[in-house]
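Peer 1: Attaching a single structure in structure tokens format; questions to follow.
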There are 2 protein chains.
Amino acid sequence: MTHREMHPQRWGDPAHATPLPDSSKELVDLIFGANDTPGAASVEVPASQLAPELLDSLAALFASPDQVLADDETRRLRTRGKSTPDLLKARVGDLSDAPDVVVRPTTHEEVAAVVAWAAEHRVAVVPFGGGTAVTGGLVAARDGFAGVVSLDLADMDRLLSVDPVAMTATFQPGVRGPAAEELLAAHGLRLGHHPQSFEFATIGGFAATRSSGQNSAGFGRFDQMVVALKVATPIGDLEVGSSPLNAAGPDIRQIVLGSEGTLGVITEVTVRVRAVATETRYEAWQFESFAAGQAAMRHLAQRQLLPTIIRLSDEAETAINLASQTDVGGEALTGCLMIVGHEGDRIAPQVARVAEELTALGGTALGEDRGQSWVEGRFHAPYLRDSLLDVGVLVETLETATFWSNTERLHGAVKTALESSLGEGTVVLCHVSHVYETGCSLYFTVAAKQGDDPLSRWLAAKAAACDAMMDCGATITHHHAVGTDHKAWLAREIGPVGVAMLKGLKASVDPAGVLNPGVLIP
Amino acid sequence: MTHREMHPQRWGDPAHATPLPDSSKELVDLIFGANDTPGAASVEVPASQLAPELLDSLAALFASPDQVLADDETRRLRTRGKSTPDLLKARVGDLSDAPDVVVRPTTHEEVAAVVAWAAEHRVAVVPFGGGTAVTGGLVAARDGFAGVVSLDLADMDRLLSVDPVAMTATFQPGVRGPAAEELLAAHGLRLGHHPQSFEFATIGGFAATRSSGQNSAGFGRFDQMVVALKVATPIGDLEVGSSPLNAAGPDIRQIVLGSEGTLGVITEVTVRVRAVATETRYEAWQFESFAAGQAAMRHLAQRQLLPTIIRLSDEAETAINLASQTDVGGEALTGCLMIVGHEGDRIAPQVARVAEELTALGGTALGEDRGQSWVEGRFHAPYLRDSLLDVGVLVETLETATFWSNTERLHGAVKTALESSLGEGTVVLCHVSHVYETGCSLYFTVAAKQGDDPLSRWLAAKAAACDAMMDCGATITHHHAVGTDHKAWLAREIGPVGVAMLKGLKASVDPAGVLNPGVLIP
């Protein structure tokens, strides 16, 4: 069995814990000073609040007593997600958002039964996939509810069917990234969705949050891969997806995608799949400036010449060598580093054409070494965050997206907001992680001194950054989702009519309001 | 001034009326027999039902009296759309669905004022773009309303702005296809959206109905081009579109797109644009069978090798030479005709690669003549329909989409349903008009004897075809939208939970239910 749950205070599999590379230690000392701040040794969860008779009626929905767990350890490991605020709270022993009980359904019918039971008894239900949420999507409101159930989908981990003609595959929602690829590889297929949470995040979570992966330039976002969904709601089952795309009213799939468990629990996801790549090539390129690198990305995107992967670090991120996560602080380039990846078959013409365009636009080819090093370290960052938190560095990421004509303003505004809020010694790094014809996402990594109250320091800085995004007319989130943390800014982004639409949807399928209450909908 | 309105009984600009080509006459005589059935000479509209005091308060919202028109001629030309049932009704003098008054706003504020006025006075509002609807989207319910206003957006015909960096353009909703391309061409840009209704249909209509154009393989559907929208609703304005795509909850843009005027009136549409193509090449290819041609399309789509345009006629459509609309019934091929179009710059490598793949998959290259002939005749079909209706042939089109593994079943089932319903002498033709990695659309053209009651004959046949689509698990519409005609089948397609979602959305933004009542929402 692969490691199934993450440490309540840390990211990922303990076996993969990443001590600070020597190259980084010097940097940390230099900027932040050494200041060991390990987590509290013991982290207590509050006692379960669910009434015994409710627990009994819940247990009666399941075949096995193993599927309904109210012990401390199980509840501890389903408490919140993995944002820095989540980790900071856990590190000081605050697990006040622990669910009262964890259930582990294996079928759609069990999920539907839990949802109906919850609506009847006014119990909040929090769908739980990989537990990788970074915007508070696992923190349901307690007020007015008889309790909180964590609906852990980890045992719904099967590949239900493959259609090799249509090139689609139907998954249960609890299948994790690596398992999805493994199950598909047996058919010569792949999904090609690699967000940084890949090792733990699940198919259902990808769908519920509109996830976007590192090869989005070639594969699109997860919401662009989904062709059909099965969803359990309090008013009954929803099954949608009768064709690739259509004109049959607003696309109901696009209403479920991004709904973060507030409209229903996704129990089946049918996605487009592709043949396993027979050729891959990962290259590094150097550009004089962030603007020059972005101009090159834009040029490729607007001519339909995008490779499978394309990313661009700004000058600060390039200087700290963040793209090579096993060697952060190591020997770095000047200017801006671009990673370009090609995956497919017969990729040579595309490789040559992209290289020709990038060269013409001022890029310098650095060969494959740094590209390969990015591939190898690409899921390391969250481990590195724990090591930095351990030594007194406050570190977190946030992201947004905008149109190409607005990226320079947005980059400057978010950076300034973070630096102003966190004060001297703050390091703000940025890269373009996802590219479209009309714009791109900006992904920021922030490091600062923790100070006496790192949580409050971070929440103030994050609010300032979010305000800056709104002031620039950008989105509050390109791929991290809304959760509880972004709700106030979502209201600004979509306005009162957009909020009314979300509330109308919610009222139509979850009149009791038990599905992930307090999440997403302002 | 270009011809602005269509004849109440016919498609398009009278100057472009297409008499039956000689090549077709023989065919028509052979199959259906000659039987002249011209439309009624005079078509009367019922008197306007709107109370004078309501007409006065409506007129007070506008700067000029020319913007509020209740004369017969104006109302006649805003009655229904251009489906064959619409034309058959108009031909026998039935214009019972005429609006009571037509208003012509020029600004967002005027549209918003009309929407608020309608909600206050419980008057139905039907947004009217090009009047090209073919599924009853312009036929609002009268029951329970004080009247019906046609909100004609034709005077909102400006290109508001162009962002040459992000490559986006913001249009008012009344801009027609050719005008949009003309306005963009002045900036070296193009939209690249060419549905068959192109000459009359508008930007707002493309958005409200999720239109898909003939070059969808290269440009995507219209809903994939839209990046921002401004919408007037009874509860206020909605402005969405802060980034290309994002994870900020369900995408509100995708709720407005396809809403067919039931959730709000679209007053601004920002779309992705591209550089004008410097090279084009249109080719014809021949395949042994519909299955072989589809396999080739699927092969290209699943390897990301699609050209800008790709279409495939089945054996019957190929035999009647329908793809060459100025020479229908003329010299035809055996097997199945495929049209392949490349548009862009430096297209040679793509042309060569596609040709290599198609040849390897059994295709025979026929050169450019038949490809060019398709391009030249591609907006002719609706004119031809009028000429066929004139000589006693019942002719109409319908369309659906499904996954590749289901196309053969769907093709057979719809064809059988139409032939069984319409009886001997019925001709059913089909082509694949839009292609995705996971599936495609099927577009059917049906010709049969009109008989004594052509309208009833057609409605029965259409219902049988729609039932067949549902029985096959396909969509009720790939790009014609739902309107009033497809509502019953939409309810089957999205189920009671999907319907509840649409009703919840409607109630949230249009509590009085005045926006296009009776359309879309089951």
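Every chain in the structure tokens takes a letter, A first, then B, and so on in the order presented; its residues are numbered from 1, and the ligands are numbered from 1 following the presented order.
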Based on only C-alpha atoms, which of the residues in chain B come within 6 Å of chain A? I want them as a short mmCIF file (atom, residue, chain, number, x, y, z; two decimals) with C-alpha atoms, in the first residue's frame.
Peer 2:
data_model
loop_
_atom_site.label_atom_id
_atom_site.label_comp_id
_atom_site.auth_asym_id
_atom_site.auth_seq_id
_atom_site.Cartn_x
_atom_site.Cartn_y
_atom_site.Cartn_z
CA VAL B 165 -1.61 42.48 -27.15
CA ALA B 166 -4.12 40.12 -25.58
CA MET B 167 -5.64 39.62 -29.05
CA ARG B 210 -23.17 28.40 -28.19
CA LEU B 238 -23.34 41.20 -14.75
CA VAL B 240 -17.55 38.66 -16.06
CA SER B 242 -11.20 38.68 -15.55
CA SER B 243 -8.83 36.17 -17.17
CA PRO B 244 -8.69 33.66 -20.03
CA ASN B 246 -9.71 30.33 -14.00
CA ALA B 247 -10.74 28.28 -10.96
CA ALA B 248 -12.96 30.93 -9.40
CA GLY B 249 -15.93 28.62 -8.92
CA PRO B 250 -18.17 27.47 -11.78
CA ILE B 255 -23.67 29.88 -17.54
CA LEU B 257 -23.29 31.20 -22.88
CA GLY B 258 -26.12 28.99 -24.11
CA SER B 259 -28.72 30.71 -21.93
CA ALA B 401 -23.22 14.99 -31.47
CA THR B 402 -21.82 11.98 -29.70
CA PHE B 403 -18.60 10.15 -28.88
CA TRP B 404 -16.70 8.36 -31.66
CA SER B 405 -17.68 4.92 -30.39
CA THR B 438 -13.54 12.32 -28.21
CA GLY B 439 -16.33 12.61 -30.78
CA GLY B 473 -27.34 8.76 -25.45
CA ALA B 474 -26.42 11.64 -27.78
CA THR B 475 -27.08 15.35 -27.33
CA THR B 477 -28.20 19.77 -30.18
CA HIS B 478 -24.58 20.34 -31.03
CA HIS B 479 -24.96 23.93 -32.25
CA ALA B 481 -29.50 25.38 -29.45
CA VAL B 482 -32.63 24.40 -27.54
CA ILE B 494 -29.82 16.71 -18.36
CA VAL B 497 -31.33 17.71 -11.33
CA ALA B 500 -33.61 22.12 -11.31
CA MET B 501 -30.25 23.89 -11.75
CA GLY B 504 -32.63 27.84 -9.87
CA LEU B 505 -30.51 30.07 -12.11
CA SER B 508 -32.11 33.94 -9.13
#
Peer 1: To one decimal in Å, tell me the separation between atom CA of A:Leu69 and atom CA of A:His16.
Peer 2: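 Here the two named atoms are 27.7 Å from each other.
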Peer 1: Can you list, as a PDB file with all heavy atoms, in the first residue's frame, every protein, DNA or RNA residue that comes within 8 Å of B:Gly341 when you count only C-alpha atoms, leaving out same-chain residues fewer than 2 positions away?
Peer 2:
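So around-v3.pdb came out as:
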ATOM      1  N   THR B 280      -4.207  30.133 -47.463  1.00  0.00           N
ATOM      2  CA  THR B 280      -5.333  29.221 -47.312  1.00  0.00           C
ATOM      3  C   THR B 280      -5.233  28.130 -48.367  1.00  0.00           C
ATOM      4  O   THR B 280      -4.662  28.339 -49.448  1.00  0.00           O
ATOM      5  CB  THR B 280      -6.697  29.935 -47.504  1.00  0.00           C
ATOM      6  OG1 THR B 280      -6.732  30.491 -48.828  1.00  0.00           O
ATOM      7  CG2 THR B 280      -6.921  31.043 -46.493  1.00  0.00           C
ATOM      8  N   ARG B 281      -5.745  27.006 -48.034  1.00  0.00           N
ATOM      9  CA  ARG B 281      -5.807  25.906 -49.000  1.00  0.00           C
ATOM     10  C   ARG B 281      -6.987  25.012 -48.629  1.00  0.00           C
ATOM     11  O   ARG B 281      -7.100  24.563 -47.490  1.00  0.00           O
ATOM     12  CB  ARG B 281      -4.497  25.098 -48.961  1.00  0.00           C
ATOM     13  CG  ARG B 281      -4.457  23.958 -49.961  1.00  0.00           C
ATOM     14  CD  ARG B 281      -3.147  23.181 -49.881  1.00  0.00           C
ATOM     15  NE  ARG B 281      -3.252  21.942 -50.630  1.00  0.00           N
ATOM     16  CZ  ARG B 281      -2.900  21.806 -51.906  1.00  0.00           C
ATOM     17  NH1 ARG B 281      -2.409  22.837 -52.554  1.00  0.00           N
ATOM     18  NH2 ARG B 281      -3.041  20.640 -52.523  1.00  0.00           N
ATOM     19  N   TYR B 282      -7.869  24.794 -49.600  1.00  0.00           N
ATOM     20  CA  TYR B 282      -9.055  23.954 -49.377  1.00  0.00           C
ATOM     21  C   TYR B 282      -8.973  22.767 -50.324  1.00  0.00           C
ATOM     22  O   TYR B 282      -8.874  22.940 -51.536  1.00  0.00           O
ATOM     23  CB  TYR B 282     -10.333  24.756 -49.620  1.00  0.00           C
ATOM     24  CG  TYR B 282     -10.386  26.016 -48.782  1.00  0.00           C
ATOM     25  CD1 TYR B 282     -10.038  27.251 -49.323  1.00  0.00           C
ATOM     26  CD2 TYR B 282     -10.718  25.956 -47.430  1.00  0.00           C
ATOM     27  CE1 TYR B 282     -10.048  28.401 -48.545  1.00  0.00           C
ATOM     28  CE2 TYR B 282     -10.729  27.098 -46.646  1.00  0.00           C
ATOM     29  CZ  TYR B 282     -10.382  28.317 -47.206  1.00  0.00           C
ATOM     30  OH  TYR B 282     -10.381  29.455 -46.433  1.00  0.00           O
ATOM     31  N   GLU B 283      -9.014  21.587 -49.749  1.00  0.00           N
ATOM     32  CA  GLU B 283      -8.850  20.373 -50.551  1.00  0.00           C
ATOM     33  C   GLU B 283     -10.075  19.479 -50.410  1.00  0.00           C
ATOM     34  O   GLU B 283     -10.779  19.534 -49.418  1.00  0.00           O
ATOM     35  CB  GLU B 283      -7.657  19.556 -50.043  1.00  0.00           C
ATOM     36  CG  GLU B 283      -6.347  20.292 -50.029  1.00  0.00           C
ATOM     37  CD  GLU B 283      -5.271  19.486 -49.280  1.00  0.00           C
ATOM     38  OE1 GLU B 283      -5.609  18.502 -48.593  1.00  0.00           O
ATOM     39  OE2 GLU B 283      -4.103  19.868 -49.400  1.00  0.00           O
ATOM     40  N   PRO B 307      -6.739  20.074 -39.178  1.00  0.00           N
ATOM     41  CA  PRO B 307      -6.624  21.314 -39.960  1.00  0.00           C
ATOM     42  C   PRO B 307      -7.643  22.336 -39.450  1.00  0.00           C
ATOM     43  O   PRO B 307      -8.264  22.124 -38.420  1.00  0.00           O
ATOM     44  CB  PRO B 307      -6.969  20.838 -41.379  1.00  0.00           C
ATOM     45  CG  PRO B 307      -7.912  19.694 -41.157  1.00  0.00           C
ATOM     46  CD  PRO B 307      -7.467  19.025 -39.874  1.00  0.00           C
ATOM     47  N   THR B 308      -7.811  23.455 -40.157  1.00  0.00           N
ATOM     48  CA  THR B 308      -8.757  24.489 -39.711  1.00  0.00           C
ATOM     49  C   THR B 308     -10.204  24.052 -39.944  1.00  0.00           C
ATOM     50  O   THR B 308     -11.081  24.329 -39.130  1.00  0.00           O
ATOM     51  CB  THR B 308      -8.495  25.803 -40.488  1.00  0.00           C
ATOM     52  OG1 THR B 308      -7.088  26.038 -40.533  1.00  0.00           O
ATOM     53  CG2 THR B 308      -9.190  26.977 -39.827  1.00  0.00           C
ATOM     54  N   ILE B 309     -10.419  23.395 -41.053  1.00  0.00           N
ATOM     55  CA  ILE B 309     -11.765  22.932 -41.433  1.00  0.00           C
ATOM     56  C   ILE B 309     -11.672  21.454 -41.786  1.00  0.00           C
ATOM     57  O   ILE B 309     -10.744  21.053 -42.517  1.00  0.00           O
ATOM     58  CB  ILE B 309     -12.275  23.708 -42.677  1.00  0.00           C
ATOM     59  CG1 ILE B 309     -12.483  25.181 -42.342  1.00  0.00           C
ATOM     60  CG2 ILE B 309     -13.563  23.080 -43.244  1.00  0.00           C
ATOM     61  CD1 ILE B 309     -12.657  26.070 -43.567  1.00  0.00           C
ATOM     62  N   ILE B 310     -12.595  20.657 -41.290  1.00  0.00           N
ATOM     63  CA  ILE B 310     -12.679  19.270 -41.750  1.00  0.00           C
ATOM     64  C   ILE B 310     -14.128  18.829 -41.664  1.00  0.00           C
ATOM     65  O   ILE B 310     -14.789  19.012 -40.650  1.00  0.00           O
ATOM     66  CB  ILE B 310     -11.710  18.335 -40.977  1.00  0.00           C
ATOM     67  CG1 ILE B 310     -11.645  16.957 -41.644  1.00  0.00           C
ATOM     68  CG2 ILE B 310     -12.051  18.243 -39.502  1.00  0.00           C
ATOM     69  CD1 ILE B 310     -10.422  16.139 -41.254  1.00  0.00           C
ATOM     70  N   ILE B 339     -13.963  17.416 -46.945  1.00  0.00           N
ATOM     71  CA  ILE B 339     -13.389  18.736 -47.226  1.00  0.00           C
ATOM     72  C   ILE B 339     -12.368  19.044 -46.132  1.00  0.00           C
ATOM     73  O   ILE B 339     -12.667  18.907 -44.939  1.00  0.00           O
ATOM     74  CB  ILE B 339     -14.482  19.829 -47.237  1.00  0.00           C
ATOM     75  CG1 ILE B 339     -15.559  19.523 -48.272  1.00  0.00           C
ATOM     76  CG2 ILE B 339     -13.873  21.213 -47.436  1.00  0.00           C
ATOM     77  CD1 ILE B 339     -15.095  19.587 -49.712  1.00  0.00           C
ATOM     78  N   GLU B 343      -5.955  27.196 -42.930  1.00  0.00           N
ATOM     79  CA  GLU B 343      -5.875  28.657 -42.955  1.00  0.00           C
ATOM     80  C   GLU B 343      -4.841  29.098 -41.926  1.00  0.00           C
ATOM     81  O   GLU B 343      -4.857  28.621 -40.803  1.00  0.00           O
ATOM     82  CB  GLU B 343      -7.243  29.274 -42.598  1.00  0.00           C
ATOM     83  CG  GLU B 343      -8.375  28.836 -43.515  1.00  0.00           C
ATOM     84  CD  GLU B 343      -9.742  29.394 -43.094  1.00  0.00           C
ATOM     85  OE1 GLU B 343      -9.849  29.942 -41.988  1.00  0.00           O
ATOM     86  OE2 GLU B 343     -10.685  29.262 -43.896  1.00  0.00           O
ATOM     87  N   GLY B 371     -12.771  21.505 -53.135  1.00  0.00           N
ATOM     88  CA  GLY B 371     -12.628  22.229 -51.866  1.00  0.00           C
ATOM     89  C   GLY B 371     -13.021  23.687 -52.048  1.00  0.00           C
ATOM     90  O   GLY B 371     -13.786  24.253 -51.260  1.00  0.00           O
TER      91      GLY B 371
END
Peer 1: Expressed in Å to a single decimal, how great is the separation between atom CA of B:Ala124 and atom CA of B:Val514?
Peer 2: 4.5 Å
Peer 1: Find the residues around A:Leu394 up to 10 Å (only C-alpha atoms counted), leave out those fewer than 5 positions away in its own chain, and share them as a PyMOL selection string.
Peer 2: chain A and resi 32+84-85+88+385-386+388-389+422+426+446-451+454-455+457-458
Peer 1: Take the residues from that selection and put them in a file with all heavy atoms, as a short mmCIF file (atom, residue, chain, number, x, y, z; two decimals), in the first residue's frame.
Peer 2:
data_model
loop_
_atom_site.label_atom_id
_atom_site.label_comp_id
_atom_site.auth_asym_id
_atom_site.auth_seq_id
_atom_site.Cartn_x
_atom_site.Cartn_y
_atom_site.Cartn_z
N PHE A 32 17.01 35.41 6.37
CA PHE A 32 16.03 35.31 7.45
C PHE A 32 16.65 35.04 8.82
O PHE A 32 16.02 35.23 9.85
CB PHE A 32 15.02 34.20 7.15
CG PHE A 32 14.39 34.35 5.80
CD1 PHE A 32 14.76 33.55 4.74
CD2 PHE A 32 13.43 35.33 5.59
CE1 PHE A 32 14.18 33.70 3.50
CE2 PHE A 32 12.84 35.48 4.35
CZ PHE A 32 13.23 34.66 3.29
N THR A 84 -0.31 27.14 3.94
CA THR A 84 0.56 27.53 5.05
C THR A 84 -0.25 27.90 6.29
O THR A 84 0.12 27.47 7.39
CB THR A 84 1.52 28.65 4.60
OG1 THR A 84 2.42 28.09 3.62
CG2 THR A 84 2.34 29.21 5.76
N PRO A 85 -1.36 28.64 6.17
CA PRO A 85 -2.18 28.86 7.37
C PRO A 85 -2.64 27.54 8.00
O PRO A 85 -2.64 27.41 9.24
CB PRO A 85 -3.38 29.67 6.84
CG PRO A 85 -2.82 30.43 5.69
CD PRO A 85 -1.82 29.49 5.05
N LEU A 88 0.40 26.18 9.77
CA LEU A 88 0.73 26.99 10.94
C LEU A 88 -0.22 26.69 12.09
O LEU A 88 0.21 26.57 13.25
CB LEU A 88 0.69 28.49 10.58
CG LEU A 88 1.81 28.99 9.66
CD1 LEU A 88 1.55 30.43 9.24
CD2 LEU A 88 3.19 28.88 10.34
N ARG A 385 8.79 23.57 1.54
CA ARG A 385 8.09 24.53 2.40
C ARG A 385 8.15 24.10 3.87
O ARG A 385 8.40 24.91 4.75
CB ARG A 385 6.63 24.67 1.95
CG ARG A 385 5.84 25.62 2.84
CD ARG A 385 4.42 25.79 2.36
NE ARG A 385 3.72 24.50 2.23
CZ ARG A 385 2.41 24.37 2.08
NH1 ARG A 385 1.65 25.43 2.00
NH2 ARG A 385 1.87 23.18 1.96
N ASP A 386 7.93 22.80 4.12
CA ASP A 386 7.99 22.33 5.50
C ASP A 386 9.37 22.59 6.11
O ASP A 386 9.48 23.01 7.26
CB ASP A 386 7.66 20.84 5.57
CG ASP A 386 6.18 20.56 5.34
OD1 ASP A 386 5.35 21.33 5.86
OD2 ASP A 386 5.86 19.59 4.63
N LEU A 388 11.45 24.86 5.31
CA LEU A 388 11.62 26.29 5.55
C LEU A 388 10.81 26.74 6.77
O LEU A 388 11.30 27.54 7.58
CB LEU A 388 11.22 27.09 4.30
CG LEU A 388 12.23 26.99 3.15
CD1 LEU A 388 11.60 27.43 1.83
CD2 LEU A 388 13.48 27.83 3.45
N LEU A 389 9.59 26.23 6.90
CA LEU A 389 8.79 26.56 8.09
C LEU A 389 9.55 26.12 9.35
O LEU A 389 9.54 26.80 10.37
CB LEU A 389 7.42 25.88 8.03
CG LEU A 389 6.41 26.43 7.01
CD1 LEU A 389 5.16 25.56 6.95
CD2 LEU A 389 6.02 27.88 7.31
N LEU A 422 4.62 42.58 4.33
CA LEU A 422 5.50 41.70 5.11
C LEU A 422 6.80 42.39 5.53
O LEU A 422 7.50 41.91 6.41
CB LEU A 422 5.81 40.42 4.33
CG LEU A 422 4.60 39.48 4.19
CD1 LEU A 422 4.86 38.43 3.11
CD2 LEU A 422 4.28 38.80 5.52
N THR A 426 11.60 40.52 2.77
CA THR A 426 10.64 39.65 2.09
C THR A 426 11.13 39.35 0.67
O THR A 426 11.61 40.24 -0.03
CB THR A 426 9.25 40.33 2.03
OG1 THR A 426 8.82 40.54 3.37
CG2 THR A 426 8.25 39.47 1.28
N VAL A 446 6.31 33.35 -1.91
CA VAL A 446 6.69 34.42 -0.99
C VAL A 446 7.45 33.81 0.19
O VAL A 446 7.02 32.79 0.73
CB VAL A 446 5.45 35.13 -0.42
CG1 VAL A 446 5.84 36.42 0.28
CG2 VAL A 446 4.42 35.36 -1.50
N ALA A 447 8.54 34.43 0.58
CA ALA A 447 9.26 34.02 1.79
C ALA A 447 9.54 35.26 2.62
O ALA A 447 9.92 36.30 2.09
CB ALA A 447 10.57 33.31 1.43
N ALA A 448 9.29 35.13 3.92
CA ALA A 448 9.51 36.27 4.82
C ALA A 448 9.84 35.72 6.21
O ALA A 448 9.73 34.52 6.45
CB ALA A 448 8.26 37.14 4.88
N LYS A 449 10.24 36.62 7.08
CA LYS A 449 10.45 36.20 8.47
C LYS A 449 9.10 35.82 9.08
O LYS A 449 8.08 36.45 8.82
CB LYS A 449 11.03 37.38 9.28
CG LYS A 449 12.45 37.75 8.89
CD LYS A 449 13.00 38.81 9.85
CE LYS A 449 14.48 39.07 9.61
NZ LYS A 449 14.74 39.84 8.35
N GLN A 450 9.10 34.79 9.93
CA GLN A 450 7.82 34.40 10.53
C GLN A 450 7.34 35.42 11.56
O GLN A 450 6.15 35.67 11.68
CB GLN A 450 7.93 33.01 11.19
CG GLN A 450 7.98 31.89 10.16
CD GLN A 450 7.86 30.50 10.78
OE1 GLN A 450 7.67 30.34 11.99
NE2 GLN A 450 7.99 29.49 9.93
N GLY A 451 8.28 35.99 12.31
CA GLY A 451 7.89 36.94 13.36
C GLY A 451 7.13 36.25 14.48
O GLY A 451 7.05 35.02 14.53
N PRO A 454 3.11 34.47 12.87
CA PRO A 454 3.22 34.26 11.42
C PRO A 454 1.85 34.15 10.74
O PRO A 454 1.70 34.62 9.62
CB PRO A 454 3.99 32.93 11.30
CG PRO A 454 3.97 32.32 12.66
CD PRO A 454 3.78 33.42 13.64
N LEU A 455 0.87 33.58 11.42
CA LEU A 455 -0.44 33.42 10.80
C LEU A 455 -1.08 34.77 10.47
O LEU A 455 -1.52 35.01 9.34
CB LEU A 455 -1.36 32.60 11.71
CG LEU A 455 -2.77 32.31 11.18
CD1 LEU A 455 -2.71 31.56 9.85
CD2 LEU A 455 -3.57 31.51 12.20
N ARG A 457 0.45 37.62 10.25
CA ARG A 457 1.30 38.28 9.26
C ARG A 457 0.93 37.82 7.85
O ARG A 457 0.78 38.62 6.93
CB ARG A 457 2.78 37.95 9.51
CG ARG A 457 3.54 39.02 10.29
CD ARG A 457 4.91 38.53 10.71
NE ARG A 457 5.90 38.38 9.64
CZ ARG A 457 6.45 39.40 8.96
NH1 ARG A 457 6.07 40.64 9.22
NH2 ARG A 457 7.35 39.19 8.02
N TRP A 458 0.76 36.50 7.70
CA TRP A 458 0.45 35.98 6.37
C TRP A 458 -0.95 36.38 5.91
O TRP A 458 -1.15 36.79 4.77
CB TRP A 458 0.62 34.46 6.29
CG TRP A 458 0.17 34.02 4.93
CD1 TRP A 458 -0.92 33.29 4.61
CD2 TRP A 458 0.77 34.40 3.69
NE1 TRP A 458 -1.06 33.17 3.25
CE2 TRP A 458 -0.02 33.86 2.65
CE3 TRP A 458 1.90 35.17 3.35
CZ2 TRP A 458 0.28 34.03 1.30
CZ3 TRP A 458 2.19 35.35 1.99
CH2 TRP A 458 1.39 34.79 1.00
#
Peer 1: Stretch 360-489 of chain A: which residues are alpha helix (DSSP H) by DSSP, as a ChimeraX atom specification?
Peer 2: /A:360,369-377,381-390,407-422,454-471,487-489
Peer 1: Between A:Ser433, A:Thr37, A:Thr267, A:Gln224, which one has atoms that come closest to A:Pro127, using only C-alpha atoms?
Peer 2: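 Of the candidates, the smallest distance to A:Pro127 is held by A:Thr267.
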Peer 1: Within 9 Å of B:Gly192, counting only C-alpha atoms, which residues show up once you throw out same-chain ones fewer than 5 positions away? Write them as number ranges by chain, please.
Peer 2: B: 181, 213-216, 218-219, 273-274, 276
Peer 1: Mind checking which residues fall within 8 Å of B:Ala316, counting only C-alpha atoms, ignoring those fewer than 3 positions away in the same chain, and posting them as an mmCIF file with all heavy atoms, in the first residue's frame?
Peer 2:
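Final output, saved to out_26.cif:
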data_model
loop_
_atom_site.group_PDB
_atom_site.id
_atom_site.type_symbol
_atom_site.label_atom_id
_atom_site.label_comp_id
_atom_site.auth_asym_id
_atom_site.auth_seq_id
_atom_site.Cartn_x
_atom_site.Cartn_y
_atom_site.Cartn_z
ATOM 1 N N SER B 313 -18.949 14.063 -45.745
ATOM 2 C CA SER B 313 -20.308 13.695 -46.143
ATOM 3 C C SER B 313 -20.451 12.181 -46.152
ATOM 4 O O SER B 313 -19.511 11.468 -46.524
ATOM 5 C CB SER B 313 -20.603 14.211 -47.557
ATOM 6 O OG SER B 313 -20.629 15.622 -47.573
ATOM 7 N N ALA B 319 -23.331 11.333 -52.867
ATOM 8 C CA ALA B 319 -23.945 10.955 -54.140
ATOM 9 C C ALA B 319 -24.806 12.077 -54.709
ATOM 10 O O ALA B 319 -24.941 12.216 -55.927
ATOM 11 C CB ALA B 319 -24.793 9.697 -53.956
ATOM 12 N N ILE B 320 -25.370 12.890 -53.827
ATOM 13 C CA ILE B 320 -26.259 13.965 -54.296
ATOM 14 C C ILE B 320 -25.478 15.265 -54.484
ATOM 15 O O ILE B 320 -26.018 16.273 -54.909
ATOM 16 C CB ILE B 320 -27.435 14.131 -53.292
ATOM 17 C CG1 ILE B 320 -28.687 14.614 -54.017
ATOM 18 C CG2 ILE B 320 -27.105 15.066 -52.173
ATOM 19 C CD1 ILE B 320 -29.950 14.452 -53.169
ATOM 20 N N VAL B 428 -32.423 11.067 -46.731
ATOM 21 C CA VAL B 428 -31.720 11.518 -45.527
ATOM 22 C C VAL B 428 -30.225 11.559 -45.827
ATOM 23 O O VAL B 428 -29.631 10.529 -46.165
ATOM 24 C CB VAL B 428 -31.985 10.600 -44.319
ATOM 25 C CG1 VAL B 428 -31.226 11.098 -43.088
ATOM 26 C CG2 VAL B 428 -33.479 10.506 -44.025
ATOM 27 N N LEU B 429 -29.657 12.723 -45.724
ATOM 28 C CA LEU B 429 -28.224 12.922 -45.985
ATOM 29 C C LEU B 429 -27.560 13.317 -44.673
ATOM 30 O O LEU B 429 -28.204 13.890 -43.806
ATOM 31 C CB LEU B 429 -28.031 14.048 -46.994
ATOM 32 C CG LEU B 429 -29.012 14.073 -48.179
ATOM 33 C CD1 LEU B 429 -28.821 15.354 -48.993
ATOM 34 C CD2 LEU B 429 -28.812 12.844 -49.039
ATOM 35 N N CYS B 430 -26.276 13.045 -44.543
ATOM 36 C CA CYS B 430 -25.595 13.370 -43.276
ATOM 37 C C CYS B 430 -24.150 13.756 -43.529
ATOM 38 O O CYS B 430 -23.514 13.236 -44.445
ATOM 39 C CB CYS B 430 -25.665 12.146 -42.351
ATOM 40 S SG CYS B 430 -24.876 12.390 -40.737
#
